[in-house]
file coords-v3.pdb (PDB, C-alpha atoms)
ATOM      1  CA  MET D   1     -21.684 -85.026 -22.721  1.00  0.00           C
ATOM      2  CA  GLU D   2     -20.744 -86.532 -19.389  1.00  0.00           C
ATOM      3  CA  GLU D   3     -23.482 -87.215 -16.819  1.00  0.00           C
ATOM      4  CA  ALA D   4     -23.312 -86.104 -13.186  1.00  0.00           C
ATOM      5  CA  CYS D   5     -25.736 -86.807 -10.328  1.00  0.00           C
ATOM      6  CA  ILE D   6     -27.243 -83.642  -8.828  1.00  0.00           C
ATOM      7  CA  ILE D   7     -27.399 -85.182  -5.340  1.00  0.00           C
ATOM      8  CA  CYS D   8     -24.034 -86.905  -4.849  1.00  0.00           C
ATOM      9  CA  GLY D   9     -22.032 -85.332  -7.705  1.00  0.00           C
ATOM     10  CA  LYS D  10     -20.700 -88.680  -8.975  1.00  0.00           C
ATOM     11  CA  ARG D  11     -20.153 -89.225 -12.691  1.00  0.00           C
ATOM     12  CA  ILE D  12     -22.811 -91.910 -13.060  1.00  0.00           C
ATOM     13  CA  ALA D  13     -25.769 -92.732 -15.291  1.00  0.00           C
ATOM     14  CA  GLY D  14     -29.289 -92.091 -14.054  1.00  0.00           C
ATOM     15  CA  ILE D  15     -32.640 -90.479 -14.781  1.00  0.00           C
ATOM     16  CA  GLU D  16     -32.146 -87.203 -16.637  1.00  0.00           C
ATOM     17  CA  VAL D  17     -33.207 -83.889 -15.082  1.00  0.00           C
ATOM     18  CA  ARG D  18     -35.471 -81.546 -17.067  1.00  0.00           C
ATOM     19  CA  ASN D  19     -33.667 -78.453 -18.318  1.00  0.00           C
ATOM     20  CA  ASP D  20     -36.165 -75.770 -17.244  1.00  0.00           C
ATOM     21  CA  TYR D  21     -35.868 -71.990 -17.171  1.00  0.00           C
ATOM     22  CA  ILE D  22     -34.063 -71.948 -13.814  1.00  0.00           C
ATOM     23  CA  LEU D  23     -31.345 -74.374 -14.907  1.00  0.00           C
ATOM     24  CA  SER D  24     -31.074 -72.554 -18.247  1.00  0.00           C
ATOM     25  CA  SER D  25     -30.565 -69.276 -16.364  1.00  0.00           C
ATOM     26  CA  ILE D  26     -27.860 -70.812 -14.179  1.00  0.00           C
ATOM     27  CA  ARG D  27     -26.098 -72.289 -17.213  1.00  0.00           C
ATOM     28  CA  TRP D  28     -26.290 -68.926 -19.042  1.00  0.00           C
ATOM     29  CA  PHE D  29     -24.814 -67.145 -16.009  1.00  0.00           C
ATOM     30  CA  LYS D  30     -21.982 -69.679 -15.683  1.00  0.00           C
ATOM     31  CA  ARG D  31     -21.252 -69.588 -19.422  1.00  0.00           C
ATOM     32  CA  ASN D  32     -21.382 -65.799 -19.968  1.00  0.00           C
ATOM     33  CA  VAL D  33     -20.495 -64.212 -16.645  1.00  0.00           C
ATOM     34  CA  THR D  34     -18.190 -66.579 -14.771  1.00  0.00           C
ATOM     35  CA  ARG D  35     -16.934 -68.478 -17.846  1.00  0.00           C
ATOM     36  CA  ASN D  36     -16.955 -71.626 -15.720  1.00  0.00           C
ATOM     37  CA  GLU D  37     -19.539 -73.934 -17.311  1.00  0.00           C
ATOM     38  CA  LYS D  38     -18.687 -77.613 -16.841  1.00  0.00           C
ATOM     39  CA  GLY D  39     -21.173 -78.863 -19.448  1.00  0.00           C
ATOM     40  CA  PHE D  40     -22.468 -81.898 -17.560  1.00  0.00           C
ATOM     41  CA  ARG D  41     -25.810 -83.497 -18.285  1.00  0.00           C
ATOM     42  CA  LEU D  42     -27.591 -83.552 -14.923  1.00  0.00           C
ATOM     43  CA  VAL D  43     -29.110 -86.824 -13.726  1.00  0.00           C
ATOM     44  CA  VAL D  44     -30.344 -88.485 -10.540  1.00  0.00           C
ATOM     45  CA  CYS D  45     -28.627 -91.807  -9.852  1.00  0.00           C
ATOM     46  CA  LYS D  46     -30.584 -94.825  -8.667  1.00  0.00           C
ATOM     47  CA  GLU D  47     -29.069 -94.789  -5.162  1.00  0.00           C
ATOM     48  CA  ASP D  48     -29.999 -91.140  -4.539  1.00  0.00           C
ATOM     49  CA  PHE D  49     -33.530 -91.275  -5.964  1.00  0.00           C
ATOM     50  CA  PRO D  50     -35.287 -91.500  -2.535  1.00  0.00           C
ATOM     51  CA  LYS D  51     -33.339 -88.475  -1.290  1.00  0.00           C
ATOM     52  CA  TYR D  52     -34.104 -86.593  -4.526  1.00  0.00           C
ATOM     53  CA  TYR D  53     -37.800 -87.463  -4.291  1.00  0.00           C
ATOM     54  CA  LYS D  54     -38.008 -86.152  -0.721  1.00  0.00           C
ATOM     55  CA  GLN D  55     -36.223 -82.899  -1.623  1.00  0.00           C
ATOM     56  CA  ARG D  56     -38.406 -82.385  -4.715  1.00  0.00           C
ATOM     57  CA  LYS D  57     -41.623 -82.854  -2.716  1.00  0.00           C
ATOM     58  CA  SER D  58     -40.314 -80.432  -0.070  1.00  0.00           C
ATOM     59  CA  PHE D  59     -39.599 -77.821  -2.762  1.00  0.00           C
ATOM     60  CA  GLU D  60     -43.071 -78.225  -4.274  1.00  0.00           C
ATOM     61  CA  ARG D  61     -44.715 -77.800  -0.846  1.00  0.00           C
ATOM     62  CA  LYS D  62     -42.659 -74.701  -0.053  1.00  0.00           C
ATOM     63  CA  ARG D  63     -43.361 -73.167  -3.445  1.00  0.00           C
ATOM     64  CA  SER D  64     -47.115 -73.664  -3.027  1.00  0.00           C
ATOM     65  CA  LEU D  65     -47.044 -72.341   0.530  1.00  0.00           C
ATOM     66  CA  TYR D  66     -44.992 -69.248  -0.309  1.00  0.00           C
ATOM     67  CA  ILE D  67     -47.104 -68.343  -3.339  1.00  0.00           C
ATOM     68  CA  GLY D  68     -50.280 -68.884  -1.310  1.00  0.00           C
ATOM     69  CA  LEU D  69     -48.978 -66.636   1.468  1.00  0.00           C
ATOM     70  CA  GLY D  70     -47.990 -64.025  -1.110  1.00  0.00           C
ATOM     71  CA  VAL D  71     -51.468 -64.021  -2.619  1.00  0.00           C
ATOM     72  CA  VAL D  72     -53.055 -63.696   0.842  1.00  0.00           C
ATOM     73  CA  PHE D  73     -50.753 -60.793   1.742  1.00  0.00           C
ATOM     74  CA  ALA D  74     -51.354 -59.122  -1.632  1.00  0.00           C
ATOM     75  CA  ALA D  75     -55.134 -59.418  -1.250  1.00  0.00           C
ATOM     76  CA  ALA D  76     -55.020 -58.150   2.332  1.00  0.00           C
ATOM     77  CA  LEU D  77     -52.833 -55.207   1.321  1.00  0.00           C
ATOM     78  CA  PHE D  78     -55.150 -54.348  -1.572  1.00  0.00           C
ATOM     79  CA  ILE D  79     -58.299 -54.571   0.573  1.00  0.00           C
ATOM     80  CA  LEU D  80     -56.862 -52.734   3.608  1.00  0.00           C
ATOM     81  CA  SER D  81     -55.612 -49.880   1.422  1.00  0.00           C
ATOM     82  CA  GLU D  82     -59.172 -49.381   0.188  1.00  0.00           C
ATOM     83  CA  PHE D  83     -58.468 -50.785  -3.302  1.00  0.00           C
ATOM     84  CA  ASN D  84     -55.547 -48.509  -4.099  1.00  0.00           C
ATOM     85  CA  LEU D  85     -53.956 -49.492  -7.427  1.00  0.00           C
ATOM     86  CA  TYR D  86     -50.402 -48.948  -6.117  1.00  0.00           C
ATOM     87  CA  SER D  87     -50.996 -51.449  -3.328  1.00  0.00           C
ATOM     88  CA  LEU D  88     -51.873 -54.025  -5.989  1.00  0.00           C
ATOM     89  CA  PHE D  89     -48.434 -53.508  -7.561  1.00  0.00           C
ATOM     90  CA  TYR D  90     -46.786 -53.884  -4.153  1.00  0.00           C
ATOM     91  CA  GLY D  91     -48.816 -57.033  -3.620  1.00  0.00           C
ATOM     92  CA  ILE D  92     -47.586 -58.471  -6.907  1.00  0.00           C
ATOM     93  CA  GLY D  93     -44.060 -57.593  -5.776  1.00  0.00           C
ATOM     94  CA  ILE D  94     -44.651 -59.547  -2.553  1.00  0.00           C
ATOM     95  CA  VAL D  95     -45.802 -62.599  -4.542  1.00  0.00           C
ATOM     96  CA  VAL D  96     -42.736 -62.411  -6.801  1.00  0.00           C
ATOM     97  CA  PHE D  97     -40.407 -61.974  -3.810  1.00  0.00           C
ATOM     98  CA  LEU D  98     -41.887 -64.989  -2.010  1.00  0.00           C
ATOM     99  CA  TYR D  99     -41.640 -67.083  -5.188  1.00  0.00           C
ATOM    100  CA  LEU D 100     -37.968 -66.169  -5.511  1.00  0.00           C
ATOM    101  CA  LEU D 101     -37.535 -67.047  -1.836  1.00  0.00           C
ATOM    102  CA  SER D 102     -38.973 -70.502  -2.522  1.00  0.00           C
ATOM    103  CA  LEU D 103     -36.216 -71.071  -5.106  1.00  0.00           C
ATOM    104  CA  VAL D 104     -33.668 -71.288  -2.284  1.00  0.00           C
ATOM    105  CA  SER D 105     -34.669 -74.943  -1.885  1.00  0.00           C
ATOM    106  CA  TYR D 106     -35.021 -75.544  -5.659  1.00  0.00           C
ATOM    107  CA  MET D 107     -34.843 -79.115  -6.896  1.00  0.00           C
ATOM    108  CA  PRO D 108     -35.454 -79.583 -10.643  1.00  0.00           C
ATOM    109  CA  ALA D 109     -38.033 -82.006 -12.035  1.00  0.00           C
ATOM    110  CA  LEU D 110     -37.074 -85.153 -13.889  1.00  0.00           C
ATOM    111  CA  GLU D 111     -37.214 -85.267 -17.683  1.00  0.00           C
ATOM    112  CA  THR D 112     -40.365 -87.369 -17.655  1.00  0.00           C
ATOM    113  CA  GLY D 113     -42.409 -86.859 -14.517  1.00  0.00           C
ATOM    114  CA  SER D 114     -44.055 -90.251 -15.042  1.00  0.00           C
ATOM    115  CA  GLU D 115     -40.753 -92.093 -14.518  1.00  0.00           C
ATOM    116  CA  ALA D 116     -40.526 -91.015 -10.888  1.00  0.00           C
ATOM    117  CA  GLY D 117     -44.102 -91.996 -10.223  1.00  0.00           C
ATOM    118  CA  LYS D 118     -43.636 -95.220 -12.186  1.00  0.00           C
ATOM    119  CA  GLN D 119     -40.598 -96.219 -10.150  1.00  0.00           C
ATOM    120  CA  LYS D 120     -42.455 -95.512  -6.914  1.00  0.00           C
ATOM    121  CA  HIS D 121     -45.505 -97.402  -8.243  1.00  0.00           C
ATOM    122  CA  ASP D 122     -43.316-100.385  -9.259  1.00  0.00           C
ATOM    123  CA  THR D 123     -41.868-100.531  -5.755  1.00  0.00           C
ATOM    124  CA  ALA D 124     -45.361-100.475  -4.230  1.00  0.00           C
ATOM    125  CA  ALA D 125     -46.575-103.096  -6.725  1.00  0.00           C
ATOM    126  CA  GLY D 126     -43.608-105.306  -5.882  1.00  0.00           C
ATOM    127  CA  SER D 127     -44.398-105.204  -2.184  1.00  0.00           C
ATOM    128  CA  ALA D 128     -48.100-105.855  -2.912  1.00  0.00           C
ATOM    129  CA  ALA D 129     -47.175-108.861  -5.053  1.00  0.00           C
ATOM    130  CA  ALA D 130     -44.906-110.157  -2.308  1.00  0.00           C
ATOM    131  CA  SER D 131     -47.688-109.876   0.262  1.00  0.00           C
ATOM    132  CA  SER D 132     -50.197-111.589  -2.054  1.00  0.00           C
ATOM    133  CA  HIS D 133     -47.660-114.368  -2.643  1.00  0.00           C
ATOM    134  CA  GLY D 134     -47.609-115.036   1.062  1.00  0.00           C
ATOM    135  CA  ARG D 135     -51.395-115.457   1.139  1.00  0.00           C
ATOM    136  CA  ARG D 136     -51.324-117.896  -1.790  1.00  0.00           C
ATOM    137  CA  THR D 137     -54.047-116.074  -3.667  1.00  0.00           C
ATOM    138  CA  GLY D 138     -54.433-116.431  -7.419  1.00  0.00           C
ATOM    139  CA  ILE D 139     -52.259-113.944  -9.302  1.00  0.00           C
ATOM    140  CA  VAL D 140     -53.573-112.806 -12.651  1.00  0.00           C
ATOM    141  CA  GLY D 141     -50.967-112.169 -15.340  1.00  0.00           C
ATOM    142  CA  LYS D 142     -47.607-113.761 -16.084  1.00  0.00           C
ATOM    143  CA  ALA D 143     -47.056-115.273 -12.674  1.00  0.00           C
ATOM    144  CA  THR D 144     -49.281-118.318 -12.213  1.00  0.00           C
ATOM    145  CA  LYS D 145     -49.417-120.892  -9.483  1.00  0.00           C
ATOM    146  CA  THR D 146     -48.074-124.310 -10.439  1.00  0.00           C
ATOM    147  CA  LYS D 147     -47.334-127.485  -8.556  1.00  0.00           C
ATOM    148  CA  GLY D 148     -44.863-126.726  -5.778  1.00  0.00           C
ATOM    149  CA  TYR D 149     -45.914-123.043  -5.713  1.00  0.00           C
ATOM    150  CA  LYS D 150     -43.308-121.983  -8.253  1.00  0.00           C
ATOM    151  CA  HIS D 151     -44.010-118.851 -10.237  1.00  0.00           C
ATOM    152  CA  GLU D 152     -42.953-118.361 -13.816  1.00  0.00           C
TER     153      GLU D 152
END

call {"tool": "encode", "arguments": {"input": "coords-v3.pdb", "output": "structure tokens"}}
result
Amino acid sequence: MEEACIICGKRIAGIEVRNDYILSSIRWFKRNVTRNEKGFRLVVCKEDFPKYYKQRKSFERKRSLYIGLGVVFAAALFILSEFNLYSLFYGIGIVVFLYLLSLVSYMPALETGSEAGKQKHDTAAGSAAASSHGRRTGIVGKATKTKGYKHE
């Protein structure tokens, strides 16, 4: 199966995207209704990872906000209608509608959520190591200070 980046669309290797229920639904629709499934394995290439990370965080914020607003509206509707059971069903409909609205900005998760955090952590650790190198403090681990300040 050929790999394609979900951000730039290039045929390039990268971190694989998790195949969740939303992507499965899209693939089913393209395979059975439009008969236009390309069959790519979706990935995020290294160059587009910062853009992906920003879009994923934006989607997660919007999803939380929309569901929270839906719950508030559903509770208010239920309370203001003097605990009418039908208003509870309408409230659940509002929550579902707002969740579906949040999917407009959908960005799928990566196959292993720890890889994204690990890559971000490695970048932060690299900058921390660079700043500690400038201060000439003792570094514990593989890199040790030797004569001439060369690190192994």

call {"tool": "atom_distance", "arguments": {"input": "coords-v3.pdb", "atom1": "atom CA of D:Tyr21", "atom2": "atom CA of D:Val96"}}
result
15.7 Å

call {"tool": "residues_around", "arguments": {"input": "coords-v3.pdb", "residues": "D:Lys10", "least_positions_apart": "5", "cutoff": "12 Å", "atoms": "all atoms listed in the file", "output": "list in words"}}
result
Glu2, Glu3, Ala4, Cys5, Phe40, Arg41, Leu42, Val43, Val44, Cys45, Lys46, Glu47 and Asp48 of chain D

call {"tool": "atom_distance", "arguments": {"input": "coords-v3.pdb", "atom1": "atom CA of D:Lys38", "atom2": "atom CA of D:Gly9"}}
result
12.4 Å

call {"tool": "residues_around", "arguments": {"input": "coords-v3.pdb", "residues": "D:Tyr66", "least_positions_apart": "4", "cutoff": "8 Å", "atoms": "all atoms listed in the file", "output": "number ranges by chain"}}
result
D: 62, 70, 95, 98-99, 101-102

call {"tool": "atom_distance", "arguments": {"input": "coords-v3.pdb", "atom1": "atom CA of D:Pro50", "atom2": "atom CA of D:Ile7"}}
result
10.5 Å

call {"tool": "closest_residue", "arguments": {"input": "coords-v3.pdb", "among": "D:Met1, D:Ile92, D:Glu37, D:Tyr106", "to": "D:Ile67", "atoms": "all atoms listed in the file"}}
result
D:Ile92

call {"tool": "resolve_selection", "arguments": {"input": "coords-v3.pdb", "expression": "the PyMOL selection byres ((chain D and resi 86-90) around 12)", "output": "list in words"}}
result
Gly70, Val71, Val72, Phe73, Ala74, Ala75, Ala76, Leu77, Phe78, Ile79, Leu80, Ser81, Glu82, Phe83, Asn84, Leu85, Gly91, Ile92, Gly93, Ile94, Val95, Val96 and Phe97 of chain D

call {"tool": "residues_around", "arguments": {"input": "coords-v3.pdb", "residues": "stretch 56-60 of chain D", "least_positions_apart": "3", "cutoff": "8 Å", "atoms": "all atoms listed in the file", "output": "count of residues only"}}
result
11

call {"tool": "axis_aligned_box", "arguments": {"input": "coords-v3.pdb", "around": "stretch 19-38 of chain D", "padding_each_side": "5 Å", "output": "AutoDock Vina command-line options"}}
result
--center_x -26.5 --center_y -71.3 --center_z -16.9 --size_x 29.2 --size_y 24.2 --size_z 16.2

call {"tool": "closest_residue", "arguments": {"input": "coords-v3.pdb", "among": "D:Gly68, D:Glu111, D:Leu100, D:Phe29", "to": "D:Gly14", "atoms": "all atoms listed in the file"}}
result
D:Glu111
